$ cat work35.cif   # mmCIF, C-alpha atoms
data_work
#
loop_
_atom_site.label_atom_id
_atom_site.label_comp_id
_atom_site.auth_asym_id
_atom_site.auth_seq_id
_atom_site.Cartn_x
_atom_site.Cartn_y
_atom_site.Cartn_z
CA ALA I 233 90.60 102.47 83.53
CA GLN I 234 92.55 101.56 86.59
CA SER I 235 91.83 98.02 87.77
CA VAL I 236 92.93 95.50 90.36
CA SER I 237 92.98 91.80 89.55
CA GLN I 238 92.95 88.97 92.02
CA HIS I 239 93.55 85.79 90.13
CA ASN I 240 92.08 83.27 92.50
CA HIS I 241 88.39 83.37 93.29
CA HIS I 242 88.47 80.57 95.88
CA VAL I 243 91.50 78.91 97.45
CA ILE I 244 91.17 75.81 99.61
CA LEU I 245 94.11 74.76 101.77
CA SER I 246 94.82 72.42 104.64
CA GLU I 247 96.19 73.79 107.88
CA ALA I 248 99.95 74.37 107.84
CA ALA I 249 100.01 74.77 104.06
CA SER I 250 101.68 77.84 102.60
CA LEU I 251 99.58 80.57 101.06
CA GLU I 252 100.14 82.96 98.21
CA LEU I 253 97.34 85.12 96.86
CA GLY I 254 97.97 87.07 93.70
CA CYS I 255 97.18 90.71 93.10
CA ASN I 256 97.97 92.76 90.01
CA TYR I 257 97.05 96.33 89.20
CA SER I 258 96.96 98.25 85.98
CA TYR I 259 98.02 101.76 86.96
CA GLY I 260 101.53 102.77 85.93
CA GLY I 261 102.25 105.64 88.27
CA THR I 262 102.86 105.83 91.99
CA VAL I 263 100.52 103.60 93.95
CA ASN I 264 99.75 102.76 97.54
CA LEU I 265 98.87 99.11 98.07
CA PHE I 266 96.78 97.41 100.71
CA TRP I 267 95.50 94.01 101.71
CA TYR I 268 92.31 93.84 103.74
CA VAL I 269 90.71 90.77 105.27
CA GLN I 270 87.04 90.18 105.97
CA TYR I 271 86.39 87.31 108.39
CA PRO I 272 82.92 85.75 108.22
CA GLY I 273 80.40 88.17 109.65
CA GLN I 274 83.03 90.76 110.47
CA HIS I 275 84.18 94.04 109.01
CA LEU I 276 87.09 94.73 106.72
CA GLN I 277 90.35 94.81 108.63
CA LEU I 278 93.68 96.11 107.41
CA LEU I 279 96.27 93.32 107.09
CA LEU I 280 99.16 95.34 105.71
CA LYS I 281 100.05 98.26 103.49
CA TYR I 282 102.83 99.46 101.23
CA PHE I 283 103.67 103.08 100.50
CA SER I 284 107.38 103.13 99.72
CA GLY I 285 110.73 101.70 100.79
CA ASP I 286 111.33 98.00 101.46
CA PRO I 287 109.11 96.14 98.98
CA LEU I 288 108.61 93.30 101.45
CA VAL I 289 106.08 94.39 104.03
CA LYS I 290 104.99 92.51 107.09
CA GLY I 291 101.49 92.72 108.46
CA ILE I 292 99.45 91.30 111.27
CA LYS I 293 98.89 87.60 111.99
CA GLY I 294 102.03 86.46 110.19
CA PHE I 295 101.06 87.80 106.76
CA GLU I 296 103.50 89.50 104.44
CA ALA I 297 103.34 90.89 100.93
CA GLU I 298 105.90 91.72 98.28
CA PHE I 299 105.63 94.67 95.93
CA ILE I 300 107.20 93.94 92.55
CA LYS I 301 107.00 97.14 90.55
CA SER I 302 108.08 95.59 87.25
CA LYS I 303 105.24 93.08 87.49
CA PHE I 304 102.65 95.50 88.89
CA SER I 305 102.07 92.92 91.59
CA PHE I 306 101.51 92.85 95.33
CA ASN I 307 101.08 89.22 96.31
CA LEU I 308 100.08 88.19 99.81
CA ARG I 309 101.87 85.32 101.53
CA LYS I 310 101.78 83.33 104.72
CA PRO I 311 104.12 80.39 105.40
CA SER I 312 101.64 78.30 107.37
CA VAL I 313 97.91 78.95 107.41
CA GLN I 314 95.53 78.21 110.25
CA TRP I 315 91.84 77.39 110.26
CA SER I 316 91.23 80.87 111.70
CA ASP I 317 92.60 82.40 108.48
CA THR I 318 89.43 81.36 106.68
CA ALA I 319 88.14 84.65 105.28
CA GLU I 320 87.78 86.83 102.19
CA TYR I 321 90.94 88.70 101.21
CA PHE I 322 90.83 91.93 99.24
CA CYS I 323 93.70 93.67 97.54
CA ALA I 324 93.24 97.43 97.12
CA VAL I 325 95.15 100.13 95.30
CA ARG I 326 95.16 103.84 95.83
CA ARG I 327 96.65 105.89 93.06
CA GLY I 328 99.30 108.25 94.34
CA GLY I 329 97.94 111.75 94.80
CA SER I 330 94.31 110.70 94.46
CA GLN I 331 91.77 111.84 97.00
CA GLY I 332 91.20 108.63 98.86
CA ASN I 333 89.82 106.58 96.01
CA LEU I 334 90.59 102.95 96.92
CA ILE I 335 90.08 100.49 94.09
CA PHE I 336 89.42 96.97 95.32
CA GLY I 337 90.02 93.67 93.64
CA LYS I 338 87.15 91.20 93.50
CA GLY I 339 88.47 89.32 96.49
CA THR I 340 89.75 85.81 97.12
CA LYS I 341 87.90 83.50 99.43
CA LEU I 342 90.28 81.38 101.48
CA SER I 343 88.97 78.21 103.10
CA VAL I 344 91.33 76.40 105.45
CA LYS I 345 90.47 72.83 106.33
CA PRO I 346 91.34 71.78 109.89
CA ASP Q 347 92.07 102.44 118.62
CA THR Q 348 90.95 102.17 115.01
CA GLU Q 349 87.23 101.82 115.58
CA VAL Q 350 84.56 103.02 113.24
CA THR Q 351 81.02 102.35 114.43
CA GLN Q 352 77.89 102.09 112.33
CA THR Q 353 74.21 101.95 113.19
CA PRO Q 354 71.97 100.18 112.64
CA LYS Q 355 73.52 96.79 111.95
CA HIS Q 356 70.52 95.71 109.91
CA LEU Q 357 67.81 97.74 108.22
CA VAL Q 358 64.76 96.64 106.27
CA MET Q 359 62.83 99.32 104.45
CA GLY Q 360 60.16 99.70 101.85
CA MET Q 361 60.63 101.59 98.63
CA THR Q 362 58.66 104.59 99.93
CA ASN Q 363 60.43 104.84 103.28
CA LYS Q 364 62.97 107.40 104.40
CA LYS Q 365 65.74 106.13 106.62
CA SER Q 366 69.27 107.09 107.62
CA LEU Q 367 72.50 105.22 108.22
CA LYS Q 368 74.92 106.57 110.77
CA CYS Q 369 78.67 106.32 111.11
CA GLU Q 370 80.93 107.60 113.85
CA GLN Q 371 84.65 107.70 114.56
CA HIS Q 372 86.63 109.28 117.36
CA MET Q 373 90.12 108.90 115.96
CA GLY Q 374 90.39 112.51 114.87
CA HIS Q 375 90.21 111.49 111.23
CA ARG Q 376 89.28 114.22 108.77
CA ALA Q 377 88.14 112.04 105.89
CA MET Q 378 85.11 109.78 105.87
CA TYR Q 379 83.75 107.49 103.19
CA TRP Q 380 80.67 105.55 102.17
CA TYR Q 381 81.06 102.30 100.25
CA LYS Q 382 78.48 99.87 98.91
CA GLN Q 383 79.24 96.15 98.91
CA LYS Q 384 77.00 93.67 97.14
CA ALA Q 385 77.20 89.98 98.01
CA LYS Q 386 80.43 88.32 96.84
CA LYS Q 387 81.66 91.63 95.35
CA PRO Q 388 84.30 94.12 96.47
CA PRO Q 389 83.36 97.42 98.11
CA GLU Q 390 82.58 100.23 95.69
CA LEU Q 391 83.19 103.83 96.66
CA MET Q 392 80.13 106.08 96.82
CA PHE Q 393 81.17 109.30 98.57
CA VAL Q 394 84.20 110.90 100.18
CA TYR Q 395 84.10 113.72 102.69
CA SER Q 396 87.29 115.59 103.40
CA TYR Q 397 87.31 118.13 106.23
CA GLU Q 398 83.51 117.92 106.33
CA LYS Q 399 83.14 118.84 102.67
CA LEU Q 400 81.98 116.45 99.99
CA SER Q 401 85.01 115.86 97.76
CA ILE Q 402 83.97 112.82 95.73
CA ASN Q 403 80.56 111.64 94.53
CA GLU Q 404 80.95 108.58 92.34
CA SER Q 405 77.84 109.36 90.28
CA VAL Q 406 75.59 107.98 92.99
CA PRO Q 407 71.80 108.33 92.40
CA SER Q 408 70.17 111.18 94.30
CA ARG Q 409 68.09 108.76 96.35
CA PHE Q 410 71.29 108.46 98.42
CA SER Q 411 72.11 111.70 100.21
CA PRO Q 412 75.22 111.95 102.38
CA GLU Q 413 75.68 114.37 105.22
CA CYS Q 414 78.65 115.17 107.41
CA PRO Q 415 77.39 117.14 110.44
CA ASN Q 416 80.86 117.28 112.01
CA SER Q 417 84.25 115.68 111.70
CA SER Q 418 83.22 112.61 113.73
CA LEU Q 419 79.87 111.84 112.15
CA LEU Q 420 78.73 110.75 108.74
CA ASN Q 421 75.17 110.03 107.72
CA LEU Q 422 73.66 108.49 104.63
CA HIS Q 423 70.03 109.47 104.06
CA LEU Q 424 67.97 107.03 102.04
CA HIS Q 425 64.76 107.79 100.18
CA ALA Q 426 62.77 105.94 97.53
CA LEU Q 427 65.29 103.14 97.24
CA GLN Q 428 64.99 100.21 94.88
CA PRO Q 429 65.35 96.51 95.72
CA GLU Q 430 68.66 96.47 93.83
CA ASP Q 431 70.01 98.91 96.42
CA SER Q 432 70.00 96.09 98.95
CA ALA Q 433 73.62 95.66 100.03
CA LEU Q 434 76.09 96.08 102.85
CA TYR Q 435 76.89 99.76 103.33
CA LEU Q 436 80.32 100.36 104.73
CA CYS Q 437 81.67 103.48 106.32
CA ALA Q 438 85.38 104.16 106.53
CA SER Q 439 87.56 106.92 107.87
CA SER Q 440 91.14 108.03 107.42
CA GLN Q 441 93.47 110.70 108.70
CA ASP Q 442 93.56 112.83 105.56
CA SER Q 443 92.40 111.63 102.14
CA GLY Q 444 94.96 113.77 100.36
CA HIS Q 445 97.96 112.53 102.31
CA ARG Q 446 100.39 110.20 100.60
CA THR Q 447 100.32 107.56 103.35
CA ASP Q 448 96.65 107.77 104.16
CA THR Q 449 95.00 104.53 105.33
CA GLN Q 450 91.30 103.81 105.53
CA TYR Q 451 89.71 101.97 108.46
CA PHE Q 452 86.33 100.36 108.01
CA GLY Q 453 83.26 99.98 110.16
CA PRO Q 454 81.23 96.77 110.40
CA GLY Q 455 78.62 97.95 107.94
CA THR Q 456 74.85 98.20 107.80
CA ARG Q 457 73.09 95.34 106.03
CA LEU Q 458 70.26 97.03 104.10
CA THR Q 459 67.33 95.18 102.59
CA VAL Q 460 64.87 97.08 100.39
CA LEU Q 461 61.53 95.37 99.91
#

$ encode --input "work35.cif" --output "structure tokens"
Amino acid sequence: AQSVSQHNHHVILSEAASLELGCNYSYGGTVNLFWYVQYPGQHLQLLLKYFSGDPLVKGIKGFEAEFIKSKFSFNLRKPSVQWSDTAEYFCAVRRGGSQGNLIFGKGTKLSVKP
Amino acid sequence: DTEVTQTPKHLVMGMTNKKSLKCEQHMGHRAMYWYKQKAKKPPELMFVYSYEKLSINESVPSRFSPECPNSSLLNLHLHALQPEDSALYLCASSQDSGHRTDTQYFGPGTRLTVL
């Protein structure tokens, strides 16, 4: 079955540290890839998405992600985190051609210490 | 504007009650979704409506009954729920679920507690 793996359950960083959250998926065909963020008490918000083209995609709030097809990965990065980045981060995969079925990873909780 | 609204924000119901969750979007999207999210877990897809027709039912128990009265509205009717159904219920919408570059936008959710 198709699955999405996020390796880190909880990441704790100090402000200004660099961030990389891992995401791997198991499906071998065409995929659409997403990162969503859920701030405490708020709804899921789209950070960035990849459909095709340049494998390095830039999103909101200084986040970027790199699609590496050979590694089935779509890792999220940010050069310098802020306290306001404290949130739950979800990677999601939509199999190409599927009718809207987003498969989410289990999420990574990011805690940024001021 | 990528706003999806959901009402109510919180709902407490007994196992014999009948209640409904509502979702609305005015972005002209033609696909709408219900997800269930348990604490510290990712969202799990329940239903997909595409052009007001149910296109995906992820083997959801019949005590959950979705309804799409028009392209802007999505309801989830609840009846005879169990305590384990307590969760955050998320609604999402997207332009067209069959389109290659389709992107889902989520509402804030309804926090449901079943006593």

$ interface_residues --input "work35.cif" --of "chain Q" --to "chain I" --cutoff "9 Å" --atoms "only C-alpha atoms" --output "PyMOL selection string"
chain Q and resi 377+379+386-391+394+396+401-402+436+440+442-455

$ axis_aligned_box --input "work35.cif" --around "range 312-329 of chain I" --padding-each-side "5 Å" --output "AutoDock Vina command-line options"
--center_x 94.7 --center_y 94.6 --center_z 102.4 --size_x 23.9 --size_y 44.4 --size_z 28.6

$ resolve_selection --input "work35.cif" --expression "the PyMOL selection byres ((chain I and resi 236-239) around 6)" --output "list in words"
Ser235, Asn240, Gly254, Cys255, Asn256, Tyr257 and Gly337 of chain I

$ residues_near_point --input "work35.cif" --point "(73.2, 108.4, 107.8)" --cutoff "8 Å" --atoms "only C-alpha atoms" --output "list in words"
Lys365, Ser366, Leu367, Lys368, Cys369, Pro412, Glu413, Leu420, Asn421, Leu422, His423 and Leu424 of chain Q

$ closest_residue --input "work35.cif" --among "I:Gly294, I:Leu280, I:Val269, I:Pro311" --to "Glu247 in chain I" --atoms "all atoms listed in the file"
I:Pro311

$ closest_residue --input "work35.cif" --among "Q:Pro354, Q:Ser439, Q:Thr459, Q:Lys384" --to "Leu419 in chain Q" --atoms "only C-alpha atoms"
Q:Ser439

$ atom_distance --input "work35.cif" --atom1 "CA of Cys437 in chain Q" --atom2 "CA of Trp380 in chain Q"
4.7 Å

$ atom_distance --input "work35.cif" --atom1 "CA of Val243 in chain I" --atom2 "CA of Lys382 in chain Q"
24.7 Å

$ closest_residue --input "work35.cif" --among "Q:Gln441, Q:Tyr395, Q:Val460, Q:Glu370" --to "Gln428 in chain Q" --atoms "all atoms listed in the file"
Q:Val460

$ atom_distance --input "work35.cif" --atom1 "CA of His242 in chain I" --atom2 "CA of Tyr259 in chain I"
24.9 Å

$ residues_near_point --input "work35.cif" --point "(86.3, 111.7, 115.1)" --cutoff "9 Å" --atoms "all atoms listed in the file" --output "PyMOL selection string"
chain Q and resi 370-376+416-419+439

$ resolve_selection --input "work35.cif" --expression "the PyMOL selection byres ((chain Q and resi 357) around 8)" --output "VMD selection string"
chain Q and resid 354 to 356 358 to 359 456 to 459

$ resolve_selection --input "work35.cif" --expression "the PyMOL selection byres ((chain I and resi 346) around 8)" --output "count of residues only"
6

$ decode --input "work35.cif" --residues "range 362-374 of chain Q" --atoms "all heavy atoms" --output "JSON list (two decimals), in the first residue's frame"
[["chain", "number", "residue", "atom", "x", "y", "z"],
["Q", 362, "THR", "N", -26.95, 8.77, 21.16],
["Q", 362, "THR", "CA", -28.26, 8.64, 20.50],
["Q", 362, "THR", "C", -28.64, 9.89, 19.72],
["Q", 362, "THR", "O", -29.70, 9.92, 19.09],
["Q", 362, "THR", "CB", -29.34, 8.34, 21.55],
["Q", 362, "THR", "OG1", -29.36, 9.41, 22.50],
["Q", 362, "THR", "CG2", -29.07, 7.02, 22.25],
["Q", 363, "ASN", "N", -27.81, 10.91, 19.78],
["Q", 363, "ASN", "CA", -28.14, 12.17, 19.12],
["Q", 363, "ASN", "C", -27.97, 12.09, 17.61],
["Q", 363, "ASN", "O", -27.22, 11.25, 17.08],
["Q", 363, "ASN", "CB", -27.25, 13.31, 19.64],
["Q", 363, "ASN", "CG", -27.54, 13.67, 21.08],
["Q", 363, "ASN", "OD1", -26.69, 14.24, 21.74],
["Q", 363, "ASN", "ND2", -28.72, 13.34, 21.57],
["Q", 364, "LYS", "N", -28.63, 13.03, 16.94],
["Q", 364, "LYS", "CA", -28.39, 13.27, 15.51],
["Q", 364, "LYS", "C", -27.91, 14.71, 15.38],
["Q", 364, "LYS", "O", -28.59, 15.63, 15.85],
["Q", 364, "LYS", "CB", -29.68, 13.12, 14.70],
["Q", 364, "LYS", "CG", -30.11, 11.71, 14.45],
["Q", 364, "LYS", "CD", -31.32, 11.71, 13.52],
["Q", 364, "LYS", "CE", -31.82, 10.31, 13.26],
["Q", 364, "LYS", "NZ", -32.97, 10.29, 12.34],
["Q", 365, "LYS", "N", -26.79, 14.89, 14.75],
["Q", 365, "LYS", "CA", -26.26, 16.23, 14.54],
["Q", 365, "LYS", "C", -25.66, 16.31, 13.14],
["Q", 365, "LYS", "O", -25.45, 15.29, 12.47],
["Q", 365, "LYS", "CB", -25.15, 16.55, 15.56],
["Q", 365, "LYS", "CG", -25.61, 16.57, 17.00],
["Q", 365, "LYS", "CD", -26.40, 17.82, 17.30],
["Q", 365, "LYS", "CE", -26.76, 17.86, 18.80],
["Q", 365, "LYS", "NZ", -27.62, 19.04, 19.11],
["Q", 366, "SER", "N", -25.35, 17.54, 12.72],
["Q", 366, "SER", "CA", -24.72, 17.74, 11.41],
["Q", 366, "SER", "C", -23.58, 18.72, 11.50],
["Q", 366, "SER", "O", -23.64, 19.71, 12.24],
["Q", 366, "SER", "CB", -25.75, 18.28, 10.41],
["Q", 366, "SER", "OG", -26.78, 17.36, 10.20],
["Q", 367, "LEU", "N", -22.54, 18.43, 10.74],
["Q", 367, "LEU", "CA", -21.42, 19.35, 10.56],
["Q", 367, "LEU", "C", -21.59, 20.03, 9.20],
["Q", 367, "LEU", "O", -22.02, 19.39, 8.23],
["Q", 367, "LEU", "CB", -20.08, 18.62, 10.60],
["Q", 367, "LEU", "CG", -19.84, 17.67, 11.77],
["Q", 367, "LEU", "CD1", -18.42, 17.11, 11.69],
["Q", 367, "LEU", "CD2", -20.09, 18.35, 13.09],
["Q", 368, "LYS", "N", -21.20, 21.30, 9.16],
["Q", 368, "LYS", "CA", -21.36, 22.05, 7.91],
["Q", 368, "LYS", "C", -20.03, 22.61, 7.44],
["Q", 368, "LYS", "O", -19.17, 22.99, 8.25],
["Q", 368, "LYS", "CB", -22.36, 23.18, 8.09],
["Q", 368, "LYS", "CG", -23.76, 22.72, 8.40],
["Q", 368, "LYS", "CD", -24.74, 23.86, 8.43],
["Q", 368, "LYS", "CE", -26.12, 23.42, 8.88],
["Q", 368, "LYS", "NZ", -26.69, 22.34, 8.06],
["Q", 369, "CYS", "N", -19.89, 22.68, 6.15],
["Q", 369, "CYS", "CA", -18.68, 23.20, 5.52],
["Q", 369, "CYS", "C", -19.10, 24.05, 4.33],
["Q", 369, "CYS", "O", -20.03, 23.69, 3.59],
["Q", 369, "CYS", "CB", -17.80, 22.05, 5.06],
["Q", 369, "CYS", "SG", -16.35, 22.55, 4.12],
["Q", 370, "GLU", "N", -18.39, 25.16, 4.14],
["Q", 370, "GLU", "CA", -18.74, 26.06, 3.04],
["Q", 370, "GLU", "C", -17.49, 26.66, 2.42],
["Q", 370, "GLU", "O", -16.53, 26.98, 3.12],
["Q", 370, "GLU", "CB", -19.65, 27.17, 3.58],
["Q", 370, "GLU", "CG", -20.33, 28.01, 2.52],
["Q", 370, "GLU", "CD", -21.46, 28.86, 3.07],
["Q", 370, "GLU", "OE1", -21.72, 28.81, 4.28],
["Q", 370, "GLU", "OE2", -22.09, 29.57, 2.27],
["Q", 371, "GLN", "N", -17.51, 26.79, 1.12],
["Q", 371, "GLN", "CA", -16.43, 27.49, 0.41],
["Q", 371, "GLN", "C", -17.02, 28.28, -0.74],
["Q", 371, "GLN", "O", -18.01, 27.85, -1.33],
["Q", 371, "GLN", "CB", -15.37, 26.49, -0.09],
["Q", 371, "GLN", "CG", -15.87, 25.39, -1.00],
["Q", 371, "GLN", "CD", -15.91, 25.74, -2.47],
["Q", 371, "GLN", "OE1", -15.33, 26.74, -2.92],
["Q", 371, "GLN", "NE2", -16.60, 24.91, -3.27],
["Q", 372, "HIS", "N", -16.41, 29.42, -1.02],
["Q", 372, "HIS", "CA", -16.89, 30.29, -2.09],
["Q", 372, "HIS", "C", -15.76, 30.59, -3.05],
["Q", 372, "HIS", "O", -15.63, 31.71, -3.55],
["Q", 372, "HIS", "CB", -17.49, 31.58, -1.50],
["Q", 372, "HIS", "CG", -18.72, 31.33, -0.70],
["Q", 372, "HIS", "ND1", -19.92, 30.98, -1.29],
["Q", 372, "HIS", "CD2", -18.94, 31.34, 0.63],
["Q", 372, "HIS", "CE1", -20.83, 30.81, -0.34],
["Q", 372, "HIS", "NE2", -20.26, 31.01, 0.83],
["Q", 373, "MET", "N", -14.94, 29.57, -3.30],
["Q", 373, "MET", "CA", -13.81, 29.74, -4.22],
["Q", 373, "MET", "C", -14.12, 29.16, -5.59],
["Q", 373, "MET", "O", -13.24, 29.12, -6.45],
["Q", 373, "MET", "CB", -12.57, 29.05, -3.62],
["Q", 373, "MET", "CG", -12.12, 29.69, -2.32],
["Q", 373, "MET", "SD", -10.72, 28.84, -1.56],
["Q", 373, "MET", "CE", -11.56, 27.50, -0.71],
["Q", 374, "GLY", "N", -15.35, 28.67, -5.75],
["Q", 374, "GLY", "CA", -15.70, 28.05, -7.02],
["Q", 374, "GLY", "C", -15.12, 26.66, -7.20],
["Q", 374, "GLY", "O", -15.09, 26.13, -8.32]]
